[in-house]
Amino acid sequence: MAKKAIYVWLFTSLTFIALLHLIDAISAVIFGNEIKLLQLYPFIGEQLKTITPTTYLWISATSTFILWGITCAIAFENPVETFLNKILSDAKKQGTVETQLLEEKSEILDIMNETICSNKETLAYVKDIVYNIRAEVKEIEPLKDVAEKIKTEMGDLRREVKRLEEKIYFPKVCVACGKSIMPEFKICPYCGESIKPQTLEVLTSYK
């Protein structure tokens with residue numbers, strides 16, 4: 001408040017001085033009187049005598065309006081309103097940051113959901129193969145075609161089982177938090193670290 005009062009006093013004084021010059025300029029332009037106030041300046045009074053009354057009028061009028069506007073702006077400034085506006089601005093920025101974080105977390109959850117759905121599809125495929133093999137075994141006949149078909153499906157089953165065993169027994173490890181994750185994960189579900197090929201390690205300590 002003290003600074004505000006000083007600024008108001010300073011610019012009010014300057015506005016008053018500019019207004020006196022404006023009155024002096026109006027007197028010189030309208031009534032043809034001699035310019036008196038410019039002679040009061042000790043060092044530049046002689047140079048200011050060369051200014052025409054019209055120029056003097058425009059300069060003093062412009063200075064008066066500018067200084068009066070600055071004085072009003074300072075005088076009517078409400079520090080409480082300024083403080084509240086700053087708080088509201090900070091709150092909006094914080095809300096924007098929180099919204100971005102929620103969007104990032106939702107992307108992580110979407111990726112995890114896609115990975116889980118993919119694993120479910122793989123397990124369902126293996127289950128279907130096992131069911132088909134059991135059905136074939138029940139109806140097995142000593143025919144070469146049936147035996148070749150079962151052999152082919154058994155090979156597919158071995159490959160799927162081997163792939164699942166590699167996922168189960170040899171999971172990958174997140175370098176950031178050290179926890180085991182599925183190879184399909186693009187983002188660690190524990191710490192949120194983005195998973196890249198160079199950031200994963202194969203767990204070889206399993207026995």
# chains A, B, ... in the order shown; residues from 1 in each chain; ligands from 1
call {"tool": "select_by_dssp", "arguments": {"residues": "stretch 8-149 of chain A", "states": "helix (DSSP H, G or I)", "output": "number ranges by chain"}}
result
A: 8-30, 37-40, 45-48, 53-75, 79-138, 144-149
call {"tool": "residues_around", "arguments": {"residues": "A:Lys196", "least_positions_apart": "6", "cutoff": "12 Å", "atoms": "only C-alpha atoms", "output": "PyMOL selection string"}}
result
chain A and resi 172-176+183-188
call {"tool": "closest_residue", "arguments": {"among": "A:Ile44, A:Ile17, A:Ile116, A:Leu38", "to": "A:Leu67", "atoms": "only C-alpha atoms"}}
result
A:Ile17
call {"tool": "residues_around", "arguments": {"residues": "stretch 14-16 of chain A", "least_positions_apart": "5", "cutoff": "9 Å", "atoms": "only C-alpha atoms", "output": "VMD selection string"}}
result
chain A and resid 9 21 63 to 68 71
call {"tool": "write_last_selection", "arguments": {"atoms": "C-alpha atoms", "output": "tab-separated table (two decimals), in the first residue's frame"}}
result
chain	number	residue	atom	x	y	z
A	9	TRP	CA	1.36	10.99	-5.37
A	21	HIS	CA	1.71	23.54	-19.20
A	63	SER	CA	1.53	14.40	-21.65
A	64	THR	CA	-1.42	15.42	-19.47
A	65	PHE	CA	-3.71	12.64	-20.76
A	66	ILE	CA	-1.00	9.96	-20.54
A	67	LEU	CA	0.01	10.88	-16.99
A	68	TRP	CA	-3.63	11.15	-15.91
A	71	THR	CA	-2.48	7.86	-12.27
call {"tool": "residues_around", "arguments": {"residues": "stretch 47-53 of chain A", "least_positions_apart": "4", "cutoff": "9 Å", "atoms": "only C-alpha atoms", "output": "VMD selection string"}}
result
chain A and resid 25 to 26 28 to 29 32 35 38 to 39 41 43 57 to 58
call {"tool": "closest_residue", "arguments": {"among": "A:Ala5, A:Ile181, A:Leu157, A:Ile195", "to": "A:Glu77", "atoms": "only C-alpha atoms"}}
result
A:Ala5
